[in-house]
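What follows is the content of start_5.txt, which has compact mmCIF, C-alpha atoms and all ligand atoms:
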```txt
# COMPACT_ATOMS: atom_id res chain seq x y z
CA MET A 57 0.00 0.00 0.00
CA ASN A 58 1.14 3.47 -0.78
CA PHE A 59 -0.06 5.94 1.83
CA ALA A 60 1.60 8.82 0.03
CA HIS A 61 -1.11 8.71 -2.62
CA GLU A 62 -3.85 11.28 -2.04
CA ALA A 63 -7.18 10.08 -3.40
CA VAL A 64 -8.66 12.35 -6.05
CA HIS A 65 -12.46 12.44 -6.45
CA GLN A 66 -13.41 14.65 -9.36
CA LEU A 67 -16.91 15.52 -10.52
CA PHE A 68 -17.60 16.93 -13.98
CA THR A 69 -21.00 18.52 -14.40
CA GLY A 70 -22.82 20.55 -17.02
CA MET A 71 -25.73 20.43 -19.43
CA SER A 72 -25.91 17.82 -22.14
CA GLY A 73 -23.64 18.36 -25.11
CA LYS A 74 -21.30 20.85 -23.42
CA GLY A 75 -18.14 18.75 -23.53
CA LYS A 76 -17.97 16.80 -20.26
CA SER A 77 -17.26 13.39 -21.77
CA THR A 78 -14.83 14.79 -24.31
CA LEU A 79 -12.74 16.48 -21.60
CA VAL A 80 -12.87 13.41 -19.37
CA ARG A 81 -11.65 11.18 -22.19
CA SER A 82 -8.70 13.44 -22.85
CA LEU A 83 -7.81 13.51 -19.14
CA VAL A 84 -8.15 9.74 -18.88
CA ALA A 85 -6.00 9.22 -21.97
CA ARG A 86 -3.22 11.34 -20.45
CA ASP A 87 -3.51 9.78 -16.96
CA ASN A 88 -0.71 7.32 -16.20
CA ALA A 89 -2.78 5.15 -13.83
CA ARG A 90 -1.86 1.49 -14.25
CA TRP A 91 -5.52 0.39 -14.29
CA LYS A 92 -8.58 2.11 -15.74
CA PHE A 93 -12.21 1.04 -15.28
CA ALA A 94 -15.16 2.90 -16.81
CA PHE A 95 -18.87 2.56 -16.09
CA GLU A 96 -20.55 3.23 -19.41
CA THR A 97 -23.91 4.36 -20.71
CA TYR A 98 -25.64 3.15 -23.87
CA LYS A 99 -23.33 5.54 -25.72
CA LYS A 100 -20.35 3.22 -25.09
CA GLU A 101 -17.94 6.07 -25.72
CA PHE A 102 -14.76 4.53 -24.29
CA PRO A 103 -15.07 1.55 -26.66
CA ARG A 104 -16.02 3.76 -29.59
CA PHE A 105 -13.54 6.60 -29.16
CA MET A 106 -10.69 4.93 -27.24
CA ASN A 107 -10.99 1.37 -28.39
CA TRP A 108 -11.40 -0.01 -24.86
CA PRO A 109 -12.91 -3.51 -24.67
CA LEU A 110 -16.64 -3.40 -23.93
CA CYS A 111 -17.41 -5.64 -20.96
CA VAL A 112 -20.89 -6.81 -20.04
CA ASP A 113 -20.27 -9.44 -17.33
CA GLU A 114 -17.63 -10.86 -14.99
CA PRO A 115 -15.81 -13.05 -17.57
CA THR A 116 -15.34 -10.14 -19.97
CA LEU A 117 -14.19 -7.86 -17.15
CA LEU A 118 -11.71 -10.47 -15.99
CA ARG A 119 -10.40 -11.00 -19.50
CA ALA A 120 -9.58 -7.30 -19.84
CA VAL A 121 -7.71 -7.25 -16.52
CA GLN A 122 -5.80 -10.42 -17.39
CA ALA A 123 -4.77 -8.79 -20.65
CA GLY A 124 -3.62 -5.73 -18.68
CA GLN A 125 -6.18 -3.59 -20.48
CA PRO A 126 -8.59 -0.88 -19.39
CA SER A 127 -12.26 -1.84 -19.51
CA ALA A 128 -15.62 -0.21 -20.15
CA PHE A 129 -18.57 -1.88 -18.47
CA TYR A 130 -22.12 -1.57 -19.77
CA SER A 131 -24.61 -3.00 -17.31
CA ALA A 132 -27.86 -3.16 -19.33
CA PRO A 133 -27.34 -6.66 -20.82
CA LEU A 134 -26.89 -8.25 -17.38
CA PHE A 135 -29.19 -5.89 -15.45
CA PRO A 136 -31.81 -4.71 -17.93
CA GLY A 137 -33.60 -1.61 -16.73
CA ASN A 138 -31.71 -1.55 -13.45
CA ARG A 139 -28.72 0.70 -13.59
CA VAL A 140 -28.51 0.93 -9.79
CA GLU A 141 -28.05 -2.82 -9.51
CA GLY A 142 -25.71 -2.91 -12.46
CA PHE A 143 -23.54 -0.28 -10.82
CA SER A 144 -23.61 -2.09 -7.51
CA PHE A 145 -22.38 -5.29 -9.18
CA TRP A 146 -19.66 -3.53 -11.16
CA ILE A 147 -18.29 -1.30 -8.40
CA ARG A 148 -18.02 -4.25 -6.05
CA TRP A 149 -16.08 -6.19 -8.66
CA VAL A 150 -13.80 -3.25 -9.41
CA TYR A 151 -13.18 -2.64 -5.70
CA GLU A 152 -12.43 -6.27 -4.84
CA VAL A 153 -10.20 -6.85 -7.86
CA GLY A 154 -8.67 -3.39 -7.77
CA LYS A 155 -7.60 -3.78 -4.14
CA VAL A 156 -5.27 -6.64 -5.07
CA LEU A 157 -3.95 -5.11 -8.30
CA PRO A 158 -0.69 -3.25 -7.78
CA GLY A 159 -0.58 0.39 -8.83
CA ARG A 160 -3.00 3.27 -9.10
CA LYS A 161 -6.54 2.64 -10.31
CA LEU A 162 -8.60 5.21 -12.20
CA VAL A 163 -12.34 4.64 -11.95
CA ILE A 164 -14.59 6.62 -14.33
CA ILE A 165 -18.34 6.75 -13.80
CA GLU A 166 -20.73 8.28 -16.34
CA GLU A 167 -24.07 9.57 -15.05
CA ILE A 168 -23.14 9.13 -11.39
CA GLU A 169 -26.51 10.57 -10.36
CA LYS A 170 -28.21 7.51 -11.86
CA THR A 171 -26.23 5.02 -9.79
CA THR A 172 -28.40 5.66 -6.72
CA THR A 173 -32.19 5.92 -6.75
CA HIS A 174 -32.27 9.21 -4.84
CA ARG A 175 -29.97 11.87 -3.47
CA ASN A 176 -30.36 10.42 0.00
CA SER A 177 -30.77 6.72 -0.75
CA PRO A 178 -28.04 4.24 0.19
CA VAL A 179 -24.85 4.16 -1.87
CA ALA A 180 -23.40 0.79 -2.93
CA PRO A 181 -21.28 -0.26 0.11
CA ALA A 182 -18.28 -1.13 -2.05
CA PHE A 183 -18.37 2.35 -3.56
CA LEU A 184 -18.47 4.00 -0.13
CA GLU A 185 -15.49 1.92 0.91
CA MET A 186 -13.67 2.82 -2.26
CA LEU A 187 -14.30 6.51 -1.59
CA ASP A 188 -13.27 6.19 2.06
CA GLU A 189 -10.24 3.99 1.60
CA GLY A 190 -9.26 5.17 -1.85
CA ARG A 191 -6.09 6.64 -0.47
CA ALA A 192 -4.76 3.37 0.90
CA ALA A 193 -5.81 1.21 -2.05
CA GLN A 194 -4.93 3.87 -4.64
CA PHE A 195 -8.31 4.46 -6.25
CA ASP A 196 -8.92 7.77 -7.98
CA VAL A 197 -12.46 8.44 -9.13
CA ILE A 198 -13.77 10.61 -11.98
CA MET A 199 -17.52 11.12 -12.06
CA ILE A 200 -19.80 12.80 -14.59
CA ALA A 201 -23.24 14.21 -13.79
CA GLN A 202 -25.63 16.37 -15.76
CA ARG A 203 -27.20 17.52 -12.50
CA LEU A 204 -25.24 18.27 -9.36
CA SER A 205 -28.54 18.54 -7.45
CA THR A 206 -29.25 14.82 -7.72
CA VAL A 207 -25.78 13.52 -6.93
CA ASN A 208 -25.99 11.47 -3.75
CA GLU A 209 -25.06 13.35 -0.62
CA GLN A 210 -22.58 10.74 0.62
CA ILE A 211 -20.82 10.78 -2.73
CA ARG A 212 -20.84 14.57 -3.06
CA SER A 213 -19.29 15.03 0.37
CA THR A 214 -16.14 13.18 -0.69
CA LEU A 215 -15.45 15.27 -3.80
CA THR A 216 -12.04 16.90 -3.91
CA GLU A 217 -12.64 18.80 -7.18
CA ILE A 218 -15.69 19.98 -9.12
CA CYS A 219 -15.48 21.07 -12.74
CA THR A 220 -18.55 22.64 -14.29
CA PHE A 221 -19.49 23.26 -17.88
CA GLN A 222 -22.45 25.49 -18.70
CA HIS A 223 -25.58 25.31 -16.57
CA ILE A 224 -28.59 27.62 -16.90
CA ASP A 225 -31.14 25.89 -14.67
CA PRO A 226 -31.59 27.92 -11.44
CA ASP A 227 -31.70 24.79 -9.32
CA GLN A 228 -28.32 23.64 -10.66
CA LEU A 229 -26.91 27.14 -10.27
CA ASP A 230 -28.04 27.14 -6.62
CA TRP A 231 -25.99 24.02 -6.00
CA LEU A 232 -22.98 25.46 -7.80
CA ASP A 233 -23.35 28.70 -5.86
CA ARG A 234 -23.02 26.73 -2.62
CA GLU A 235 -19.77 25.39 -4.00
CA ASN A 236 -18.58 28.97 -4.56
CA PHE A 237 -18.95 29.04 -8.33
CA ASP A 238 -19.79 32.38 -9.94
CA ARG A 239 -23.39 31.96 -11.19
CA ARG A 240 -23.16 34.33 -14.08
CA ALA A 241 -19.84 32.98 -15.28
CA VAL A 242 -21.33 29.45 -15.29
CA THR A 243 -24.34 30.54 -17.37
CA GLU A 244 -22.06 32.25 -19.88
CA LEU A 245 -19.77 29.30 -20.55
CA GLU A 246 -19.66 28.16 -24.15
CA ARG A 247 -19.29 24.61 -25.40
CA GLY A 248 -15.96 23.17 -24.28
CA GLU A 249 -15.51 25.83 -21.60
CA TYR A 250 -15.41 25.01 -17.91
CA ILE A 251 -14.61 26.36 -14.46
CA TRP A 252 -12.69 23.94 -12.31
CA ARG A 253 -12.53 24.29 -8.53
CA ASP A 254 -10.31 22.51 -6.08
CA ARG A 255 -12.64 22.17 -3.11
CA GLU A 256 -9.92 21.67 -0.54
CA ALA A 257 -7.53 24.40 -1.63
CA GLY A 258 -10.39 26.73 -2.59
CA THR A 259 -8.66 27.57 -5.87
CA GLN A 260 -10.16 27.64 -9.34
CA ARG A 261 -9.19 27.85 -12.97
CA THR A 262 -11.02 28.16 -16.25
CA ASN A 263 -10.44 28.02 -19.98
CA ALA A 264 -13.35 30.44 -20.63
CA ARG A 265 -12.48 33.38 -22.82
CA ARG A 266 -15.16 35.73 -21.42
CA HIS A 267 -14.05 35.57 -17.83
CA PRO A 268 -10.34 36.28 -17.67
CA GLN A 269 -10.71 37.30 -14.01
CA LEU A 270 -11.40 33.66 -13.23
CA HIS A 271 -8.16 32.44 -14.77
CA SER A 272 -5.95 31.19 -11.96
CA ALA A 273 -8.07 33.26 -9.59
CA GLY A 274 -6.44 31.54 -6.66
CA LYS A 275 -8.28 31.42 -3.37
CA THR A 276 -11.70 33.01 -3.72
CA ASN A 277 -14.25 33.44 -1.00
CA ARG A 278 -17.95 33.67 -1.61
CA SER A 279 -18.13 37.47 -1.78
CA ALA A 280 -15.24 37.65 -4.22
CA ALA A 281 -16.92 35.06 -6.40
CA VAL A 282 -20.19 37.01 -6.41
CA LYS A 283 -18.42 40.25 -7.26
CA GLY A 284 -16.59 38.61 -10.16
N1 LIG A 301 -13.79 21.88 -26.47
C1 LIG A 301 -14.69 21.65 -27.45
N2 LIG A 301 -14.77 22.46 -28.51
C2 LIG A 301 -15.66 22.22 -29.48
N3 LIG A 301 -16.51 21.17 -29.50
C3 LIG A 301 -16.48 20.33 -28.46
C4 LIG A 301 -15.57 20.53 -27.38
N4 LIG A 301 -15.78 19.54 -26.47
C5 LIG A 301 -16.75 18.77 -26.98
N5 LIG A 301 -17.17 19.22 -28.17
C6 LIG A 301 -18.20 18.60 -29.02
O1 LIG A 301 -19.46 18.79 -28.40
C7 LIG A 301 -20.26 17.63 -28.54
C8 LIG A 301 -20.70 17.15 -27.17
O2 LIG A 301 -19.56 16.79 -26.40
P1 LIG A 301 -19.64 15.75 -25.23
O3 LIG A 301 -18.28 15.69 -24.61
O4 LIG A 301 -20.22 14.48 -25.70
O5 LIG A 301 -20.68 16.49 -24.26
P2 LIG A 301 -21.37 15.99 -22.91
O6 LIG A 301 -20.64 14.78 -22.44
O7 LIG A 301 -21.26 17.15 -21.98
O8 LIG A 301 -22.80 15.70 -23.27
C9 LIG A 301 -19.42 16.61 -29.26
O9 LIG A 301 -19.79 16.60 -30.63
C10 LIG A 301 -18.01 17.10 -29.09
O10 LIG A 301 -17.19 16.75 -30.18
MG MG A 302 -21.41 12.84 -22.14
```
For the file at hand, write its structure as structure tokens.
Ligand SMILES: Nc1ncnc2c1ncn2[C@@H]1O[C@H](COP(=O)(O)OP(=O)(O)O)[C@@H](O)[C@H]1O
Ligand SMILES: [Mg+2]
Amino acid sequence: MNFAHEAVHQLFTGMSGKGKSTLVRSLVARDNARWKFAFETYKKEFPRFMNWPLCVDEPTLLRAVQAGQPSAFYSAPLFPGNRVEGFSFWIRWVYEVGKVLPGRKLVIIEEIEKTTTHRNSPVAPAFLEMLDEGRAAQFDVIMIAQRLSTVNEQIRSTLTEICTFQHIDPDQLDWLDRENFDRRAVTELERGEYIWRDREAGTQRTNARRHPQLHSAGKTNRSAAVKG
């Protein structure tokens, strides 16, 4: 075990079509983690765009690991109409297998808000353990959600970074506001643009052209964010 590793729990949010998955794929491609596991949607983007093997059950997952490959799991064939159960099965497998694999593991979860039935309903126990013990077992987690408001509370509380693309829905902006994002700047983001906050350090950065004051803004408190 490597206790020097600090677990990273990143959430990428934003409206549909704004560039979340595209950015995540480029980050994942550049990440030097020894092992990579993705929880897919019907879009199967890791297989399509990155040529990762598409896994639908335990044998296909195992085959990818034995070949030293990353894997993309799509749960619908084994758990039709039950994404919550499909996630529960997959995350338990990834946690149990990942714990005994040497090296850092990168776990990518699309539509994290759909892996629990409600914001306050129980989270898969293996996922909670992964989030709690990620540091010891070297699990980093990247999550994607269209709506921050429906991300489970127990999951949200462990986030170390939040990166938002454009949102215009007031309810979503309320949630981002609580996380010290500048409401107006979030509504004015264009496709491919984001504001990325480190929750622990309280720092943020952006690639948005319209809001140069947010570039490397450093520590911002709530009033500074509102003024900006
Ligand atoms: N930085 C960018 N600049 C221009 N187009 C982008 C950028 N990022 C993504 N796109 C395009 O926008 C569309 C939606 O991107 P995607 O990453 O699938 O969005 P999301 O996952 O937020 O729904 C895709 O066609 C993608 O090629
Ligand atoms: Mg997407």
Please check which protein, DNA or RNA residues sit within 8 Å of ligand LIG 301 (chain A), counting all atoms listed in the file, and write them as a list in words.
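Listed by chain and ascending number, the contacts are Thr69, Gly70, Met71, Ser72, Gly73, Lys74, Gly75, Lys76, Ser77, Thr78, Leu79, Val80, Gln202, Phe221, Arg247, Gly248 and Glu249 of chain A.
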Just to confirm, what's the straight-line distance from CA of Asp113 in chain A to CA of Leu134 in chain A in Å (one decimal)?
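CA of Asp113 in chain A sits 6.7 Å away from CA of Leu134 in chain A.
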Counting only C-alpha atoms, what is within 12 Å of Pro133 in chain A, bar same-chain residues fewer than 4 positions away, as a list in words?
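Counting only the stated atoms, we get Thr97, Tyr98, Leu110, Cys111, Val112, Asp113, Phe129, Gly137, Asn138, Arg139, Glu141 and Gly142 of chain A.
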Using only C-alpha atoms and all ligand atoms, find the one residue out of A:Ile165, A:Leu157, A:Ile211, A:Ala257 that sits nearest to ligand MG 302 (chain A).
A:Ile165
Counting all atoms listed in the file, figure out which residue out of A:Leu184, A:Leu162, A:Ile168, A:Leu117 gets nearest to Arg86 in chain A.
A:Leu162
Please report, as JSON, the centre and edge lengths in Å to one decimal of an axis-aligned box covering all listed atoms of range 256-268 of chain A with 5 Å per side.
```
{"center_x": -11.3, "center_y": 29.0, "center_z": -11.7, "size_x": 17.6, "size_y": 24.6, "size_z": 32.3}
```
What does the distance from CA of Arg212 in chain A to CA of Leu232 in chain A come to in Å, to one decimal?
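Between CA of Arg212 in chain A and CA of Leu232 in chain A the gap works out to 12.1 Å.
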Export C-alpha atoms of range 115-212 of chain A from the structure just given, as a PDB file, in the first residue's frame?
```pdb
ATOM      1  CA  PRO A 115     -15.814 -13.052 -17.572  1.00  0.00           C
ATOM      2  CA  THR A 116     -15.340 -10.141 -19.971  1.00  0.00           C
ATOM      3  CA  LEU A 117     -14.186  -7.860 -17.147  1.00  0.00           C
ATOM      4  CA  LEU A 118     -11.708 -10.473 -15.988  1.00  0.00           C
ATOM      5  CA  ARG A 119     -10.402 -11.000 -19.503  1.00  0.00           C
ATOM      6  CA  ALA A 120      -9.585  -7.297 -19.844  1.00  0.00           C
ATOM      7  CA  VAL A 121      -7.706  -7.254 -16.517  1.00  0.00           C
ATOM      8  CA  GLN A 122      -5.796 -10.423 -17.394  1.00  0.00           C
ATOM      9  CA  ALA A 123      -4.766  -8.791 -20.652  1.00  0.00           C
ATOM     10  CA  GLY A 124      -3.623  -5.733 -18.681  1.00  0.00           C
ATOM     11  CA  GLN A 125      -6.182  -3.592 -20.483  1.00  0.00           C
ATOM     12  CA  PRO A 126      -8.593  -0.876 -19.392  1.00  0.00           C
ATOM     13  CA  SER A 127     -12.260  -1.835 -19.514  1.00  0.00           C
ATOM     14  CA  ALA A 128     -15.615  -0.211 -20.146  1.00  0.00           C
ATOM     15  CA  PHE A 129     -18.569  -1.879 -18.467  1.00  0.00           C
ATOM     16  CA  TYR A 130     -22.120  -1.570 -19.770  1.00  0.00           C
ATOM     17  CA  SER A 131     -24.613  -3.005 -17.309  1.00  0.00           C
ATOM     18  CA  ALA A 132     -27.857  -3.161 -19.325  1.00  0.00           C
ATOM     19  CA  PRO A 133     -27.344  -6.658 -20.824  1.00  0.00           C
ATOM     20  CA  LEU A 134     -26.891  -8.250 -17.376  1.00  0.00           C
ATOM     21  CA  PHE A 135     -29.187  -5.891 -15.450  1.00  0.00           C
ATOM     22  CA  PRO A 136     -31.812  -4.710 -17.931  1.00  0.00           C
ATOM     23  CA  GLY A 137     -33.604  -1.612 -16.735  1.00  0.00           C
ATOM     24  CA  ASN A 138     -31.709  -1.547 -13.446  1.00  0.00           C
ATOM     25  CA  ARG A 139     -28.718   0.702 -13.589  1.00  0.00           C
ATOM     26  CA  VAL A 140     -28.510   0.935  -9.795  1.00  0.00           C
ATOM     27  CA  GLU A 141     -28.050  -2.823  -9.506  1.00  0.00           C
ATOM     28  CA  GLY A 142     -25.712  -2.908 -12.461  1.00  0.00           C
ATOM     29  CA  PHE A 143     -23.538  -0.283 -10.821  1.00  0.00           C
ATOM     30  CA  SER A 144     -23.612  -2.086  -7.509  1.00  0.00           C
ATOM     31  CA  PHE A 145     -22.375  -5.289  -9.176  1.00  0.00           C
ATOM     32  CA  TRP A 146     -19.663  -3.529 -11.158  1.00  0.00           C
ATOM     33  CA  ILE A 147     -18.287  -1.303  -8.400  1.00  0.00           C
ATOM     34  CA  ARG A 148     -18.025  -4.254  -6.047  1.00  0.00           C
ATOM     35  CA  TRP A 149     -16.079  -6.187  -8.659  1.00  0.00           C
ATOM     36  CA  VAL A 150     -13.804  -3.249  -9.411  1.00  0.00           C
ATOM     37  CA  TYR A 151     -13.184  -2.644  -5.705  1.00  0.00           C
ATOM     38  CA  GLU A 152     -12.429  -6.271  -4.839  1.00  0.00           C
ATOM     39  CA  VAL A 153     -10.205  -6.853  -7.858  1.00  0.00           C
ATOM     40  CA  GLY A 154      -8.667  -3.391  -7.770  1.00  0.00           C
ATOM     41  CA  LYS A 155      -7.596  -3.781  -4.144  1.00  0.00           C
ATOM     42  CA  VAL A 156      -5.268  -6.637  -5.072  1.00  0.00           C
ATOM     43  CA  LEU A 157      -3.953  -5.110  -8.299  1.00  0.00           C
ATOM     44  CA  PRO A 158      -0.693  -3.249  -7.784  1.00  0.00           C
ATOM     45  CA  GLY A 159      -0.580   0.391  -8.834  1.00  0.00           C
ATOM     46  CA  ARG A 160      -2.999   3.266  -9.098  1.00  0.00           C
ATOM     47  CA  LYS A 161      -6.536   2.637 -10.313  1.00  0.00           C
ATOM     48  CA  LEU A 162      -8.598   5.214 -12.197  1.00  0.00           C
ATOM     49  CA  VAL A 163     -12.344   4.644 -11.950  1.00  0.00           C
ATOM     50  CA  ILE A 164     -14.587   6.619 -14.332  1.00  0.00           C
ATOM     51  CA  ILE A 165     -18.341   6.745 -13.805  1.00  0.00           C
ATOM     52  CA  GLU A 166     -20.729   8.279 -16.342  1.00  0.00           C
ATOM     53  CA  GLU A 167     -24.074   9.572 -15.046  1.00  0.00           C
ATOM     54  CA  ILE A 168     -23.144   9.129 -11.391  1.00  0.00           C
ATOM     55  CA  GLU A 169     -26.511  10.570 -10.356  1.00  0.00           C
ATOM     56  CA  LYS A 170     -28.207   7.507 -11.856  1.00  0.00           C
ATOM     57  CA  THR A 171     -26.228   5.021  -9.785  1.00  0.00           C
ATOM     58  CA  THR A 172     -28.404   5.663  -6.722  1.00  0.00           C
ATOM     59  CA  THR A 173     -32.193   5.917  -6.747  1.00  0.00           C
ATOM     60  CA  HIS A 174     -32.266   9.207  -4.836  1.00  0.00           C
ATOM     61  CA  ARG A 175     -29.968  11.866  -3.471  1.00  0.00           C
ATOM     62  CA  ASN A 176     -30.357  10.418  -0.003  1.00  0.00           C
ATOM     63  CA  SER A 177     -30.765   6.721  -0.751  1.00  0.00           C
ATOM     64  CA  PRO A 178     -28.036   4.244   0.186  1.00  0.00           C
ATOM     65  CA  VAL A 179     -24.853   4.157  -1.871  1.00  0.00           C
ATOM     66  CA  ALA A 180     -23.398   0.793  -2.931  1.00  0.00           C
ATOM     67  CA  PRO A 181     -21.282  -0.256   0.106  1.00  0.00           C
ATOM     68  CA  ALA A 182     -18.285  -1.129  -2.047  1.00  0.00           C
ATOM     69  CA  PHE A 183     -18.367   2.350  -3.561  1.00  0.00           C
ATOM     70  CA  LEU A 184     -18.475   3.996  -0.130  1.00  0.00           C
ATOM     71  CA  GLU A 185     -15.487   1.922   0.913  1.00  0.00           C
ATOM     72  CA  MET A 186     -13.665   2.824  -2.260  1.00  0.00           C
ATOM     73  CA  LEU A 187     -14.298   6.510  -1.594  1.00  0.00           C
ATOM     74  CA  ASP A 188     -13.271   6.191   2.065  1.00  0.00           C
ATOM     75  CA  GLU A 189     -10.240   3.987   1.597  1.00  0.00           C
ATOM     76  CA  GLY A 190      -9.264   5.166  -1.851  1.00  0.00           C
ATOM     77  CA  ARG A 191      -6.095   6.636  -0.471  1.00  0.00           C
ATOM     78  CA  ALA A 192      -4.762   3.371   0.896  1.00  0.00           C
ATOM     79  CA  ALA A 193      -5.808   1.208  -2.045  1.00  0.00           C
ATOM     80  CA  GLN A 194      -4.934   3.867  -4.642  1.00  0.00           C
ATOM     81  CA  PHE A 195      -8.309   4.457  -6.251  1.00  0.00           C
ATOM     82  CA  ASP A 196      -8.916   7.772  -7.976  1.00  0.00           C
ATOM     83  CA  VAL A 197     -12.460   8.441  -9.133  1.00  0.00           C
ATOM     84  CA  ILE A 198     -13.769  10.610 -11.976  1.00  0.00           C
ATOM     85  CA  MET A 199     -17.518  11.117 -12.062  1.00  0.00           C
ATOM     86  CA  ILE A 200     -19.796  12.795 -14.586  1.00  0.00           C
ATOM     87  CA  ALA A 201     -23.243  14.210 -13.795  1.00  0.00           C
ATOM     88  CA  GLN A 202     -25.631  16.371 -15.756  1.00  0.00           C
ATOM     89  CA  ARG A 203     -27.198  17.516 -12.500  1.00  0.00           C
ATOM     90  CA  LEU A 204     -25.243  18.266  -9.359  1.00  0.00           C
ATOM     91  CA  SER A 205     -28.542  18.544  -7.450  1.00  0.00           C
ATOM     92  CA  THR A 206     -29.254  14.825  -7.716  1.00  0.00           C
ATOM     93  CA  VAL A 207     -25.778  13.519  -6.927  1.00  0.00           C
ATOM     94  CA  ASN A 208     -25.988  11.465  -3.745  1.00  0.00           C
ATOM     95  CA  GLU A 209     -25.055  13.351  -0.620  1.00  0.00           C
ATOM     96  CA  GLN A 210     -22.580  10.739   0.620  1.00  0.00           C
ATOM     97  CA  ILE A 211     -20.821  10.779  -2.729  1.00  0.00           C
ATOM     98  CA  ARG A 212     -20.841  14.570  -3.063  1.00  0.00           C
TER      99      ARG A 212
END
```
